[in-house]
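Here the structure comes first, spelled out in structure tokens, and everything after it is commentary.
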Amino acid sequence: MAREDIRTFDLVVLGATGYTGKLTCEQVLRGTPSNLRWAIAGRSLPKLQLLASEYNKIYTDRIPVYIYETDLSESSLEKLAVSTRLLISTVGPYIKYGSPVLEACAVYGTHYVDCTGEFPWVYDMIKKYHQTAKNKQAIMIPQCGFESAPLDLGTFALVKAIRDELAMGVGDVKFSVHELKGAVSGGTLETSLCLFEHATLHDICKAAKFDALSPVKGPKQPFRYPICRDVDLGILTSWIGSTGDRSIVYRSWGLIEGGKFYGENFSWKEYRRVSNYVSAFSLLIIMNIAIIIPLLSPLRWLVRKILHPGKGEGPSNEFGCQLLKGLSLFTNISRSRRNHRVEWRGVATVDDDSDTPRKAFVRVQSTVDPYNLTALCIVQVANSILFNKTTLAAKLGGGILTPATVASTELFELLEQGGLMIETKII
């Protein structure tokens with residue numbers, strides 16, 4: 001990476017005037033050192049000026065936030081990348097807009113964090129730019145928001161608890177979305193639809209393999225029923241977000257000692273907890289329909305026409321209320337913006353041949369909604385990249401890595417202060 005003392009900024013938030021961008025800026029203001037040299041970047045100078053004026057008026061104890069007007073042209077992104085030590089990108093859909101941003105950061109040795117959930121795009125970026133980033137000592141961590149930082153860090157916490165307490169590897173891991181109260185933004189919906197317009201079905205299926213993002217071949221995986229009952233987690237059904245989260249978890253598995261730290265027989269699956277088998281089957285059907293809809297262009301058009309609240313506008317309490325009402329019967333997705341919270345629970349089984357192997361339990365609980373959780377995760381991971389030189393990511397020296405590679409006691413404490421608590425115990 002280029003010498004840090006010649007970079008103008010420590011951190012730049014790209015896409016600062018969008019919904020997630022604004023939340024990210026608020027997290028920067030609340031959760032980073034007051035002497036941080038940072039800037040907000042985007043295309044609209046008037047919007048940037050308005051934001052900067054507001055932030056500087058309220059947070060008088062901090063170094064003033066600067067403005068960086070930019071677009072996605074190669075020359076503009078080059079200037080942006082060389083101006084900062086780390087870039088947070090909230091400009092999506094990433095498969096449509098994100099590639100030149102990540103490329104510029106890799107080429108010019110700029111650390112990078114984003115909040116995409118588009119695992120086919122991440123797969124493509126790893127193939128193209130991982131080695132470049134590693135050579136330039138740029139630590140790059142995509143999928144660092146609601147997808148997929150909490151579960152990647154939660155899985156790491158489970159493995160570490162078993163390693164610390166029992167000195168053994170992990171076999172099977174099950175996670176459940178125990179509670180989810182939140183709404184859907186226009187950007188999130190647009191990303192889901194856009195993915196199928198910029199990637200072929202073949203590309204998506206290739207990237208969806210459990211170990212597609214892992215640097216080493218994954219272990220043989222057990223067959224799993226889409227609906228099951230777990231003694232620790234309850235009645236579980238397949239969850240639509242599992243594939244993206246799994247891809248990052250297995251990349252962490254492969255990056256950390258080539259899979260040996262997690263366990264050579266490691267397996268992982270994310271489910272949704274439900275109250276009964278009727279709900280389990282109903283949600284399974286809904287999730288499969290949700291997967292099919294983006295495949296067909298007439299249905300994508302219809303979804304945009306009926307449900308789309310507009311990019312950058314954040315969750316709406318009105319749009320798509322019929323759909324959300326139906327989903328809420330089975331998933332507890334709230335149409336109100338009050339009392340948002342998310343909770344995952346996970347159980348890891350020790351990798352041994354006994355009839356009653358030991359287990360570890362983790363609760364990953366957020367008292368903030370998924371969008372504020374995203375902002376919290378990407379800012380605190382950025383904090384770790386900038387200021388903690390003892391993480392695995394720092395030791396690896398760069399490349400396209402994962403949230404688990406910056407895991408530390410300090411990171412977990414900062415996340416807890418912001419509203420995300422990760423607790424483990426041996427059971």
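Following the order of the structure tokens, chains are lettered A, B, ..., residues in each are numbered from 1, and ligands are numbered from 1.
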- Query: Quick one: residues within 6 Å of Ala39 of chain A, only C-alpha atoms counted, chain neighbours fewer than 5 positions away excluded, as a VMD selection string?
  - Reply: chain A and resid 12 65 to 67
query: In segment 31-197 of chain A, what's strand (DSSP E) per DSSP? Answer as a ChimeraX atom specification?
result: /A:38-42,66-69,84-89,111-114,139-141,170-181
Residues of segment 140-184 of chain A classed as alpha helix (DSSP H) by DSSP on the backbone are to be reported as an mmCIF file with N, CA, C and O atoms, in the first residue's frame.
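Once written, selection31.cif looks like this:
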```
data_model
loop_
_atom_site.group_PDB
_atom_site.id
_atom_site.type_symbol
_atom_site.label_atom_id
_atom_site.label_comp_id
_atom_site.auth_asym_id
_atom_site.auth_seq_id
_atom_site.Cartn_x
_atom_site.Cartn_y
_atom_site.Cartn_z
ATOM 1 N N ALA A 149 -21.720 -10.150 7.741
ATOM 2 C CA ALA A 149 -20.808 -9.985 8.873
ATOM 3 C C ALA A 149 -21.294 -10.634 10.176
ATOM 4 O O ALA A 149 -20.509 -11.303 10.849
ATOM 5 N N PRO A 150 -22.569 -10.466 10.580
ATOM 6 C CA PRO A 150 -22.968 -11.041 11.865
ATOM 7 C C PRO A 150 -22.775 -12.558 11.949
ATOM 8 O O PRO A 150 -22.284 -13.075 12.968
ATOM 9 N N LEU A 151 -23.133 -13.275 10.887
ATOM 10 C CA LEU A 151 -23.007 -14.727 10.933
ATOM 11 C C LEU A 151 -21.564 -15.180 10.746
ATOM 12 O O LEU A 151 -21.151 -16.198 11.310
ATOM 13 N N ASP A 152 -20.797 -14.456 9.958
ATOM 14 C CA ASP A 152 -19.385 -14.793 9.816
ATOM 15 C C ASP A 152 -18.663 -14.609 11.144
ATOM 16 O O ASP A 152 -17.884 -15.480 11.572
ATOM 17 N N LEU A 153 -18.930 -13.507 11.822
ATOM 18 C CA LEU A 153 -18.321 -13.266 13.132
ATOM 19 C C LEU A 153 -18.885 -14.217 14.186
ATOM 20 O O LEU A 153 -18.156 -14.679 15.067
ATOM 21 N N GLY A 154 -20.183 -14.511 14.093
ATOM 22 C CA GLY A 154 -20.786 -15.461 15.033
ATOM 23 C C GLY A 154 -20.216 -16.850 14.896
ATOM 24 O O GLY A 154 -19.976 -17.552 15.889
ATOM 25 N N THR A 155 -19.981 -17.276 13.657
ATOM 26 C CA THR A 155 -19.369 -18.582 13.421
ATOM 27 C C THR A 155 -17.945 -18.614 13.960
ATOM 28 O O THR A 155 -17.530 -19.584 14.606
ATOM 29 N N PHE A 156 -17.186 -17.550 13.706
ATOM 30 C CA PHE A 156 -15.823 -17.468 14.249
ATOM 31 C C PHE A 156 -15.845 -17.557 15.771
ATOM 32 O O PHE A 156 -15.010 -18.250 16.376
ATOM 33 N N ALA A 157 -16.804 -16.878 16.410
ATOM 34 C CA ALA A 157 -16.904 -16.909 17.868
ATOM 35 C C ALA A 157 -17.200 -18.322 18.373
ATOM 36 O O ALA A 157 -16.651 -18.756 19.404
ATOM 37 N N LEU A 158 -18.063 -19.057 17.666
ATOM 38 C CA LEU A 158 -18.345 -20.442 18.034
ATOM 39 C C LEU A 158 -17.093 -21.306 17.955
ATOM 40 O O LEU A 158 -16.778 -22.067 18.878
ATOM 41 N N VAL A 159 -16.387 -21.196 16.840
ATOM 42 C CA VAL A 159 -15.180 -22.004 16.640
ATOM 43 C C VAL A 159 -14.130 -21.672 17.693
ATOM 44 O O VAL A 159 -13.507 -22.567 18.274
ATOM 45 N N LYS A 160 -13.946 -20.385 17.958
ATOM 46 C CA LYS A 160 -12.941 -19.975 18.942
ATOM 47 C C LYS A 160 -13.301 -20.461 20.339
ATOM 48 O O LYS A 160 -12.414 -20.869 21.115
ATOM 49 N N ALA A 161 -14.592 -20.449 20.675
ATOM 50 C CA ALA A 161 -15.011 -20.937 21.993
ATOM 51 C C ALA A 161 -14.664 -22.411 22.152
ATOM 52 O O ALA A 161 -14.170 -22.841 23.209
ATOM 53 N N ILE A 162 -14.919 -23.200 21.122
ATOM 54 C CA ILE A 162 -14.606 -24.631 21.191
ATOM 55 C C ILE A 162 -13.097 -24.853 21.204
ATOM 56 O O ILE A 162 -12.586 -25.698 21.957
ATOM 57 N N ARG A 163 -12.363 -24.100 20.417
ATOM 58 C CA ARG A 163 -10.901 -24.216 20.427
ATOM 59 C C ARG A 163 -10.333 -23.834 21.794
ATOM 60 O O ARG A 163 -9.455 -24.517 22.334
ATOM 61 N N ASP A 164 -10.824 -22.748 22.351
ATOM 62 C CA ASP A 164 -10.303 -22.269 23.640
ATOM 63 C C ASP A 164 -10.668 -23.186 24.792
ATOM 64 O O ASP A 164 -9.846 -23.458 25.681
ATOM 65 N N GLU A 165 -11.918 -23.663 24.807
ATOM 66 C CA GLU A 165 -12.410 -24.441 25.946
ATOM 67 C C GLU A 165 -12.131 -25.931 25.813
ATOM 68 O O GLU A 165 -11.849 -26.611 26.814
ATOM 69 N N LEU A 166 -12.203 -26.451 24.600
ATOM 70 C CA LEU A 166 -12.126 -27.899 24.409
ATOM 71 C C LEU A 166 -10.942 -28.333 23.552
ATOM 72 O O LEU A 166 -10.685 -29.539 23.434
#
```
Which residue is closest to Ser148 of chain A? Choose from A:Thr243, A:Ser282, A:Ser366, A:Gln417 and count only C-alpha atoms.
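Between A:Thr243, A:Ser282, A:Ser366, A:Gln417, the residue approaching Ser148 of chain A most closely is A:Thr243.
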In terms of only C-alpha atoms, the residue from A:Glu74, A:Leu29, A:Gly42, A:Leu193 at minimal distance from Pro298 of chain A is A:Leu193
Show me, as a PyMOL selection string, the residues that have an atom within 7 Å of segment 372-383 of chain A when counting only C-alpha atoms, minus same-chain residues fewer than 5 positions from it. chain A and resi 20+23-24+27-28+32+113-115+144-146+149+403+406+411+414-415+418
message = Residues near segment 222-231 of chain A, anyone? I mean within 9 Å using only C-alpha atoms, not counting same-chain ones fewer than 5 positions away, as a ChimeraX atom specification.
response = /A:174,236-239,267,269,271,277,280-281,284
Separation of atom CA of Lys359 of chain A from atom CA of Trp253 of chain A, in Å and rounded to one decimal: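 Computing it gives 18.5 Å between the two atoms.
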With only C-alpha atoms as the counted atoms, please give the residues lying no more than 12 Å from Ser297 of chain A, apart from itself and same-chain residues fewer than 2 positions off, as an MDAnalysis selection string. chainID A and resid 193:197 292:295 299:304
